Amino acid sequence: MSPLKPPVARRVAIVAGARVPFARSDGPYATASNQDMLTAVLDALVERQGLQGPGAVGEFVAGAVLKHSRDFNLARETVLGSKLDPRTPAYDIQQACGTGLQAVIAAANKIALGQTESAIAGGADTASDAPLGVNDDLRRILLEARRAKSAGARLKALTRIRPTHLVPDIPRNAEPRTGLSMGEHAAVTARAWGVTREAQDELAATSHQRLAAAYERGFFQELVVPFRGLARDQNLRPDSTPGKLAALKPVFGLKDPDPTMTAGNSTPLTDGAAVVLLASEEWAEARGLEVLAYLTAYETAAVDFVQGDVAQGEDGLLMAPAYAVPRMLERAGLGMDDFDLVEIHEAFASQVLATLAAWEKQGLTPVDRARLNVTGSSLATGHPFAATGARIVATLAKLLAEREGPGRGLISVCAAGGQGVTAILERP
């Protein structure tokens, strides 16, 4: 029997995207689950692109960072509750804030290898409906009682329960290896890279202003799906200025002599969901769907932030894209000047500025700020962890499609755990 021929990689088309307006935690979406939000955006994409038929989409890939035990099969349960064919395979993926982009990459790889013709990828997260864990001491007692061989042994175990055991374990925004929150890590990085308060506030204000302008010109009409009374991102402050942001008190790095990070130049806890439709060129053409752009390269990286950041070095928790992007560009034979648009996830203004400085230190040409996050980013939209990657992919694809002629865009997403996910989108 002759061996199978290796598949020839195909171009992966980005066809469409959809997301709900992002909401601040404990606000309009306080009672919406990950599945509720993910179903809403999936249904919108299915309706808009005519994907209701049997076998219309090859598979669905999605994830969430803050997940209840009931969400162990989130992607599949979302399909079963949506307008997509219930026979559509689905699976979960998770890489902290890189989840949405990694879902897109996972789907793209199968399309590129000819294993499927189309896929939908994305993610959802709700900080409002965060899971509360059973107190660990109580959990151990209950497990011991379950394993007991007699009623007496079971009762003996249960008598050890104390009122303090009834206090639940509340999720913390902290790294298990260091105990520091993401904001505290970012403050260390800001200090290591000499990022100023003024520069952070300027970047944050620009993000809000550009997002507001994009809404005003109707850019998001085909991307954003109204949900639970919201039609725009709730965190958006169109009147933001560096002067107004300068009045806010620091909230991270307060032990430093001159803390620079505030609620205004950091992303808030947010609820939301986003998805992207990817396909082969042939699949899109057969259905008369426009190709917005192509996903042509991607790269991931990780840093040792435990030794790097905590030791006050340059390898901070959110600095992995500083290594992923140069590697990706070298492999693709590109430089920063080859990009018309650059999308950097704004976990914190300080993290964006440190990443830009790190790229320059590695020899890359400085990013033209006029090309950076031209419709705003996470500081203005908010950041539902697993949804951000899909939001950025859909946004950048549409921006490239609006241009006259060819264009190329860069995506950079930092993630908890000292990781980074990056990608390149092109329109020939």
# chains A, B, ... in the order shown; residues from 1 in each chain; ligands from 1

call {"tool": "closest_atom_pairs", "arguments": {"of": "region 249-301 of chain A", "to": "region 327-337 of chain A", "cutoff": "8 Å", "atoms": "only C-alpha atoms", "output": "Markdown table"}}
result
| residue | atom | partner | partner_atom | distance |
| --- | --- | --- | --- | --- |
| A:Ala297 | CA | A:Met328 | CA | 7.3 |
| A:Tyr298 | CA | A:Met328 | CA | 6.7 |
| A:Glu299 | CA | A:Met328 | CA | 5.8 |

call {"tool": "write_last_selection", "arguments": {"atoms": "all heavy atoms", "output": "mmCIF file, in the first residue's frame"}}
result
data_model
loop_
_atom_site.group_PDB
_atom_site.id
_atom_site.type_symbol
_atom_site.label_atom_id
_atom_site.label_comp_id
_atom_site.auth_asym_id
_atom_site.auth_seq_id
_atom_site.Cartn_x
_atom_site.Cartn_y
_atom_site.Cartn_z
ATOM 1 N N ALA A 297 0.294 33.678 9.244
ATOM 2 C CA ALA A 297 1.370 33.238 10.140
ATOM 3 C C ALA A 297 0.940 33.436 11.580
ATOM 4 O O ALA A 297 0.089 34.288 11.875
ATOM 5 C CB ALA A 297 2.660 34.011 9.869
ATOM 6 N N TYR A 298 1.521 32.646 12.476
ATOM 7 C CA TYR A 298 1.247 32.810 13.900
ATOM 8 C C TYR A 298 2.403 32.243 14.700
ATOM 9 O O TYR A 298 3.157 31.392 14.225
ATOM 10 C CB TYR A 298 -0.078 32.156 14.319
ATOM 11 C CG TYR A 298 -0.596 31.076 13.412
ATOM 12 C CD1 TYR A 298 -0.291 29.739 13.641
ATOM 13 C CD2 TYR A 298 -1.415 31.405 12.327
ATOM 14 C CE1 TYR A 298 -0.780 28.749 12.814
ATOM 15 C CE2 TYR A 298 -1.905 30.422 11.499
ATOM 16 C CZ TYR A 298 -1.580 29.078 11.740
ATOM 17 O OH TYR A 298 -2.059 28.099 10.917
ATOM 18 N N GLU A 299 2.532 32.719 15.909
ATOM 19 C CA GLU A 299 3.656 32.320 16.770
ATOM 20 C C GLU A 299 3.256 32.492 18.226
ATOM 21 O O GLU A 299 2.540 33.433 18.577
ATOM 22 C CB GLU A 299 4.885 33.190 16.471
ATOM 23 C CG GLU A 299 6.116 32.828 17.249
ATOM 24 C CD GLU A 299 6.923 31.709 16.596
ATOM 25 O OE1 GLU A 299 6.837 31.546 15.363
ATOM 26 O OE2 GLU A 299 7.655 31.024 17.335
#

call {"tool": "residues_around", "arguments": {"residues": "region 157-162 of chain A", "least_positions_apart": "4", "cutoff": "10 Å", "atoms": "only C-alpha atoms", "output": "NGL selection string"}}
result
:A and (137-138 or 140-146 or 148 or 151-153 or 166-167)

call {"tool": "write_last_selection", "arguments": {"atoms": "C-alpha atoms", "output": "PDB file, in the first residue's frame"}}
result
ATOM      1  CA  ASP A 137     -10.725  22.023  53.768  1.00  0.00           C
ATOM      2  CA  LEU A 138     -14.467  21.371  53.448  1.00  0.00           C
ATOM      3  CA  ARG A 140     -11.411  17.201  51.772  1.00  0.00           C
ATOM      4  CA  ILE A 141     -13.804  16.445  54.633  1.00  0.00           C
ATOM      5  CA  LEU A 142     -16.677  15.763  52.232  1.00  0.00           C
ATOM      6  CA  LEU A 143     -14.515  13.456  50.146  1.00  0.00           C
ATOM      7  CA  GLU A 144     -13.407  11.627  53.261  1.00  0.00           C
ATOM      8  CA  ALA A 145     -17.054  11.214  54.264  1.00  0.00           C
ATOM      9  CA  ARG A 146     -17.911   9.871  50.829  1.00  0.00           C
ATOM     10  CA  ALA A 148     -16.142   6.176  54.559  1.00  0.00           C
ATOM     11  CA  ALA A 151     -22.256   5.469  58.793  1.00  0.00           C
ATOM     12  CA  GLY A 152     -20.215   6.017  61.952  1.00  0.00           C
ATOM     13  CA  ALA A 153     -17.059   6.811  60.023  1.00  0.00           C
ATOM     14  CA  LEU A 166     -18.354  27.364  54.732  1.00  0.00           C
ATOM     15  CA  VAL A 167     -16.477  30.381  53.364  1.00  0.00           C
TER      16      VAL A 167
END

call {"tool": "residues_around", "arguments": {"residues": "Asn373 (chain A)", "least_positions_apart": "2", "cutoff": "8 Å", "atoms": "only C-alpha atoms", "output": "ChimeraX atom specification"}}
result
/A:207,341-344,371,375-377

call {"tool": "closest_atom_pairs", "arguments": {"of": "region 230-298 of chain A", "to": "region 208-211 of chain A", "cutoff": "7 Å", "atoms": "only C-alpha atoms", "output": "JSON lines"}}
result
{"residue": "A:Leu236", "atom": "CA", "partner": "A:His208", "partner_atom": "CA", "distance": 6.0}
{"residue": "A:Arg237", "atom": "CA", "partner": "A:His208", "partner_atom": "CA", "distance": 5.8}
{"residue": "A:Pro238", "atom": "CA", "partner": "A:Gln209", "partner_atom": "CA", "distance": 5.4}
{"residue": "A:Ser240", "atom": "CA", "partner": "A:His208", "partner_atom": "CA", "distance": 6.4}

call {"tool": "write_last_selection", "arguments": {"atoms": "C-alpha atoms", "output": "short mmCIF file (atom, residue, chain, number, x, y, z; two decimals), in the first residue's frame"}}
result
data_model
loop_
_atom_site.label_atom_id
_atom_site.label_comp_id
_atom_site.auth_asym_id
_atom_site.auth_seq_id
_atom_site.Cartn_x
_atom_site.Cartn_y
_atom_site.Cartn_z
CA LEU A 236 -16.22 53.36 26.27
CA ARG A 237 -15.62 56.93 27.45
CA PRO A 238 -15.66 59.11 24.30
CA SER A 240 -11.50 60.67 27.67
#

call {"tool": "select_by_dssp", "arguments": {"residues": "region 93-141 of chain A", "states": "alpha helix (DSSP H)", "output": "PyMOL selection string"}}
result
chain A and resi 99-112+136-141

call {"tool": "write_last_selection", "arguments": {"atoms": "all heavy atoms", "output": "short mmCIF file (atom, residue, chain, number, x, y, z; two decimals), in the first residue's frame"}}
result
data_model
loop_
_atom_site.label_atom_id
_atom_site.label_comp_id
_atom_site.auth_asym_id
_atom_site.auth_seq_id
_atom_site.Cartn_x
_atom_site.Cartn_y
_atom_site.Cartn_z
N THR A 99 -6.72 32.77 24.63
CA THR A 99 -7.67 31.72 24.26
C THR A 99 -8.34 31.98 22.91
O THR A 99 -8.40 31.10 22.05
CB THR A 99 -8.73 31.55 25.35
OG1 THR A 99 -8.10 31.15 26.57
CG2 THR A 99 -9.76 30.51 24.96
N GLY A 100 -8.89 33.16 22.72
CA GLY A 100 -9.61 33.45 21.49
C GLY A 100 -8.74 33.33 20.26
O GLY A 100 -9.16 32.76 19.24
N LEU A 101 -7.51 33.85 20.34
CA LEU A 101 -6.61 33.77 19.19
C LEU A 101 -6.12 32.33 18.98
O LEU A 101 -5.98 31.87 17.85
CB LEU A 101 -5.43 34.72 19.38
CG LEU A 101 -4.45 34.84 18.20
CD1 LEU A 101 -5.17 35.11 16.89
CD2 LEU A 101 -3.41 35.91 18.49
N GLN A 102 -5.88 31.60 20.07
CA GLN A 102 -5.47 30.20 19.92
C GLN A 102 -6.60 29.37 19.31
O GLN A 102 -6.34 28.43 18.56
CB GLN A 102 -5.06 29.62 21.27
CG GLN A 102 -3.63 29.94 21.69
CD GLN A 102 -2.58 29.26 20.82
OE1 GLN A 102 -2.84 28.78 19.73
NE2 GLN A 102 -1.36 29.22 21.32
N ALA A 103 -7.85 29.69 19.64
CA ALA A 103 -8.97 28.99 19.03
C ALA A 103 -8.99 29.22 17.52
O ALA A 103 -9.23 28.30 16.73
CB ALA A 103 -10.29 29.45 19.65
N VAL A 104 -8.73 30.46 17.12
CA VAL A 104 -8.66 30.79 15.69
C VAL A 104 -7.53 30.00 15.03
O VAL A 104 -7.70 29.43 13.94
CB VAL A 104 -8.45 32.30 15.50
CG1 VAL A 104 -8.10 32.63 14.06
CG2 VAL A 104 -9.71 33.07 15.91
N ILE A 105 -6.38 29.94 15.68
CA ILE A 105 -5.24 29.21 15.12
C ILE A 105 -5.53 27.72 15.00
O ILE A 105 -5.20 27.08 14.00
CB ILE A 105 -3.99 29.46 15.99
CG1 ILE A 105 -3.54 30.92 15.86
CG2 ILE A 105 -2.86 28.52 15.60
CD1 ILE A 105 -2.47 31.33 16.85
N ALA A 106 -6.16 27.15 16.02
CA ALA A 106 -6.49 25.72 15.98
C ALA A 106 -7.41 25.41 14.82
O ALA A 106 -7.23 24.41 14.10
CB ALA A 106 -7.14 25.31 17.31
N ALA A 107 -8.43 26.25 14.63
CA ALA A 107 -9.34 26.05 13.51
C ALA A 107 -8.63 26.25 12.17
O ALA A 107 -8.84 25.48 11.22
CB ALA A 107 -10.53 27.01 13.64
N ALA A 108 -7.77 27.26 12.11
CA ALA A 108 -7.06 27.56 10.87
C ALA A 108 -6.15 26.42 10.45
O ALA A 108 -6.03 26.12 9.25
CB ALA A 108 -6.25 28.85 11.04
N ASN A 109 -5.51 25.78 11.42
CA ASN A 109 -4.60 24.68 11.08
C ASN A 109 -5.35 23.54 10.38
O ASN A 109 -4.84 22.96 9.41
CB ASN A 109 -3.93 24.15 12.35
CG ASN A 109 -2.79 25.04 12.80
OD1 ASN A 109 -2.23 25.79 12.01
ND2 ASN A 109 -2.45 24.97 14.07
N LYS A 110 -6.54 23.20 10.83
CA LYS A 110 -7.31 22.13 10.18
C LYS A 110 -7.74 22.52 8.77
O LYS A 110 -7.76 21.70 7.86
CB LYS A 110 -8.52 21.77 11.04
CG LYS A 110 -8.17 20.97 12.28
CD LYS A 110 -9.41 20.37 12.91
CE LYS A 110 -9.05 19.45 14.06
NZ LYS A 110 -10.23 18.79 14.66
N ILE A 111 -8.11 23.80 8.63
CA ILE A 111 -8.50 24.26 7.29
C ILE A 111 -7.29 24.24 6.36
O ILE A 111 -7.37 23.79 5.21
CB ILE A 111 -9.10 25.67 7.37
CG1 ILE A 111 -10.42 25.64 8.14
CG2 ILE A 111 -9.31 26.25 5.98
CD1 ILE A 111 -10.96 27.01 8.50
N ALA A 112 -6.15 24.70 6.85
CA ALA A 112 -4.93 24.74 6.04
C ALA A 112 -4.51 23.36 5.58
O ALA A 112 -4.01 23.18 4.46
CB ALA A 112 -3.80 25.40 6.83
N ASP A 136 -11.41 24.47 50.40
CA ASP A 136 -10.63 23.25 50.18
C ASP A 136 -10.65 22.31 51.38
O ASP A 136 -10.67 21.08 51.22
CB ASP A 136 -9.19 23.60 49.81
CG ASP A 136 -8.53 22.51 48.99
OD1 ASP A 136 -9.16 22.01 48.04
OD2 ASP A 136 -7.39 22.13 49.32
N ASP A 137 -10.65 22.88 52.58
CA ASP A 137 -10.72 22.02 53.77
C ASP A 137 -12.06 21.29 53.82
O ASP A 137 -12.12 20.10 54.15
CB ASP A 137 -10.54 22.86 55.04
CG ASP A 137 -9.12 23.38 55.18
OD1 ASP A 137 -8.20 22.73 54.63
OD2 ASP A 137 -8.93 24.44 55.81
N LEU A 138 -13.15 22.00 53.48
CA LEU A 138 -14.47 21.37 53.45
C LEU A 138 -14.52 20.29 52.38
O LEU A 138 -15.09 19.20 52.59
CB LEU A 138 -15.55 22.42 53.20
CG LEU A 138 -16.98 21.90 53.04
CD1 LEU A 138 -17.43 21.18 54.29
CD2 LEU A 138 -17.93 23.05 52.70
N ARG A 139 -13.92 20.56 51.24
CA ARG A 139 -13.89 19.57 50.15
C ARG A 139 -13.23 18.27 50.60
O ARG A 139 -13.74 17.17 50.33
CB ARG A 139 -13.15 20.16 48.94
CG ARG A 139 -13.11 19.24 47.73
CD ARG A 139 -12.31 19.88 46.61
NE ARG A 139 -10.91 20.05 46.98
CZ ARG A 139 -9.99 19.08 46.88
NH1 ARG A 139 -10.33 17.87 46.43
NH2 ARG A 139 -8.75 19.31 47.22
N ARG A 140 -12.12 18.40 51.31
CA ARG A 140 -11.41 17.20 51.77
C ARG A 140 -12.26 16.41 52.77
O ARG A 140 -12.29 15.18 52.74
CB ARG A 140 -10.08 17.59 52.41
CG ARG A 140 -9.04 18.09 51.41
CD ARG A 140 -7.67 18.18 52.07
NE ARG A 140 -6.65 18.56 51.11
CZ ARG A 140 -6.24 19.81 50.89
NH1 ARG A 140 -6.81 20.81 51.57
NH2 ARG A 140 -5.31 20.08 50.01
N ILE A 141 -12.95 17.13 53.65
CA ILE A 141 -13.80 16.45 54.63
C ILE A 141 -14.94 15.71 53.93
O ILE A 141 -15.26 14.56 54.25
CB ILE A 141 -14.35 17.45 55.66
CG1 ILE A 141 -13.22 17.99 56.54
CG2 ILE A 141 -15.43 16.81 56.52
CD1 ILE A 141 -13.64 19.12 57.46
#

call {"tool": "residues_around", "arguments": {"residues": "Pro89 (chain A)", "least_positions_apart": "5", "cutoff": "9 Å", "atoms": "only C-alpha atoms", "output": "ChimeraX atom specification"}}
result
/A:58-61,75-76,79

call {"tool": "closest_atom_pairs", "arguments": {"of": "region 94-207 of chain A", "to": "region 245-251 of chain A", "cutoff": "12 Å", "atoms": "only C-alpha atoms", "output": "Markdown table"}}
result
| residue | atom | partner | partner_atom | distance |
| --- | --- | --- | --- | --- |
| A:Ser181 | CA | A:Val251 | CA | 11.6 |
| A:Gly183 | CA | A:Val251 | CA | 8.5 |
| A:Glu184 | CA | A:Val251 | CA | 9.0 |
| A:Ala186 | CA | A:Val251 | CA | 11.5 |
| A:Ala187 | CA | A:Val251 | CA | 9.7 |
| A:Thr196 | CA | A:Ala246 | CA | 11.6 |
| A:Arg197 | CA | A:Ala246 | CA | 8.0 |
| A:Glu198 | CA | A:Ala246 | CA | 7.6 |
| A:Ala199 | CA | A:Ala246 | CA | 10.6 |
| A:Gln200 | CA | A:Leu245 | CA | 9.4 |
| A:Asp201 | CA | A:Leu245 | CA | 6.0 |
| A:Glu202 | CA | A:Leu245 | CA | 8.5 |
| A:Leu203 | CA | A:Leu245 | CA | 10.5 |
| A:Ala204 | CA | A:Leu245 | CA | 8.3 |
| A:Ala205 | CA | A:Leu245 | CA | 7.6 |
| A:Thr206 | CA | A:Leu245 | CA | 11.3 |

call {"tool": "atom_distance", "arguments": {"atom1": "CA of Gln52 (chain A)", "atom2": "CA of Lys83 (chain A)"}}
result
6.3 Å

call {"tool": "atom_distance", "arguments": {"atom1": "CA of Phe305 (chain A)", "atom2": "CA of Pro176 (chain A)"}}
result
11.9 Å

call {"tool": "atom_distance", "arguments": {"atom1": "CA of Leu80 (chain A)", "atom2": "CA of Ala390 (chain A)"}}
result
21.0 Å

call {"tool": "select_by_dssp", "arguments": {"residues": "region 23-148 of chain A", "states": "strand (DSSP E or B)", "output": "PyMOL selection string"}}
result
chain A and resi 23-24+59-63+90-92+95+97+118-125+133

call {"tool": "write_last_selection", "arguments": {"atoms": "C-alpha atoms", "output": "PDB file, in the first residue's frame"}}
result
ATOM      1  CA  ALA A  23     -19.933  45.098  29.501  1.00  0.00           C
ATOM      2  CA  ARG A  24     -18.345  45.925  32.821  1.00  0.00           C
ATOM      3  CA  GLU A  59     -16.483  22.559  13.580  1.00  0.00           C
ATOM      4  CA  PHE A  60     -16.711  25.054  16.423  1.00  0.00           C
ATOM      5  CA  VAL A  61     -13.740  25.865  18.661  1.00  0.00           C
ATOM      6  CA  ALA A  62     -14.090  28.119  21.684  1.00  0.00           C
ATOM      7  CA  GLY A  63     -13.131  28.544  25.307  1.00  0.00           C
ATOM      8  CA  ALA A  90     -17.033  21.265  18.907  1.00  0.00           C
ATOM      9  CA  TYR A  91     -14.277  21.387  21.490  1.00  0.00           C
ATOM     10  CA  ASP A  92     -12.890  23.697  24.147  1.00  0.00           C
ATOM     11  CA  GLN A  95      -4.729  29.692  27.095  1.00  0.00           C
ATOM     12  CA  CYS A  97      -6.040  35.825  27.527  1.00  0.00           C
ATOM     13  CA  SER A 118     -14.787  25.846   7.492  1.00  0.00           C
ATOM     14  CA  ALA A 119     -14.848  26.530  11.215  1.00  0.00           C
ATOM     15  CA  ILE A 120     -16.030  29.074  13.756  1.00  0.00           C
ATOM     16  CA  ALA A 121     -13.668  30.029  16.584  1.00  0.00           C
ATOM     17  CA  GLY A 122     -13.777  32.369  19.548  1.00  0.00           C
ATOM     18  CA  GLY A 123     -14.458  32.609  23.227  1.00  0.00           C
ATOM     19  CA  ALA A 124     -16.439  34.112  26.064  1.00  0.00           C
ATOM     20  CA  ASP A 125     -15.810  35.210  29.625  1.00  0.00           C
ATOM     21  CA  GLY A 133     -15.152  26.987  44.739  1.00  0.00           C
TER      22      GLY A 133
END

call {"tool": "closest_atom_pairs", "arguments": {"of": "region 364-419 of chain A", "to": "region 272-286 of chain A", "cutoff": "6 Å", "atoms": "only C-alpha atoms", "output": "CSV"}}
result
residue,atom,partner,partner_atom,distance
A:Pro384,CA,A:Gly272,CA,5.4
A:Ala387,CA,A:Ala273,CA,5.0
A:Ala390,CA,A:Val275,CA,5.5
A:Arg391,CA,A:Ala274,CA,5.7

call {"tool": "residues_around", "arguments": {"residues": "Asp304 (chain A)", "least_positions_apart": "2", "cutoff": "9 Å", "atoms": "only C-alpha atoms", "output": "ChimeraX atom specification"}}
result
/A:302,306-309,315-317,417-418

call {"tool": "closest_residue", "arguments": {"among": "A:Pro226, A:Pro406, A:Gly382, A:Gly194", "to": "Asn265 (chain A)", "atoms": "only C-alpha atoms"}}
result
A:Gly382

call {"tool": "residues_around", "arguments": {"residues": "Ala358 (chain A)", "least_positions_apart": "5", "cutoff": "9 Å", "atoms": "only C-alpha atoms", "output": "JSON, numbers by chain"}}
result
{"A": [193, 314, 319, 322, 323, 353, 363, 364]}

call {"tool": "residues_around", "arguments": {"residues": "Ala30 (chain A)", "least_positions_apart": "3", "cutoff": "7 Å", "atoms": "only C-alpha atoms", "output": "list in words"}}
result
Ser25, Asp26, Gly27, Ser128 and Asp129 of chain A
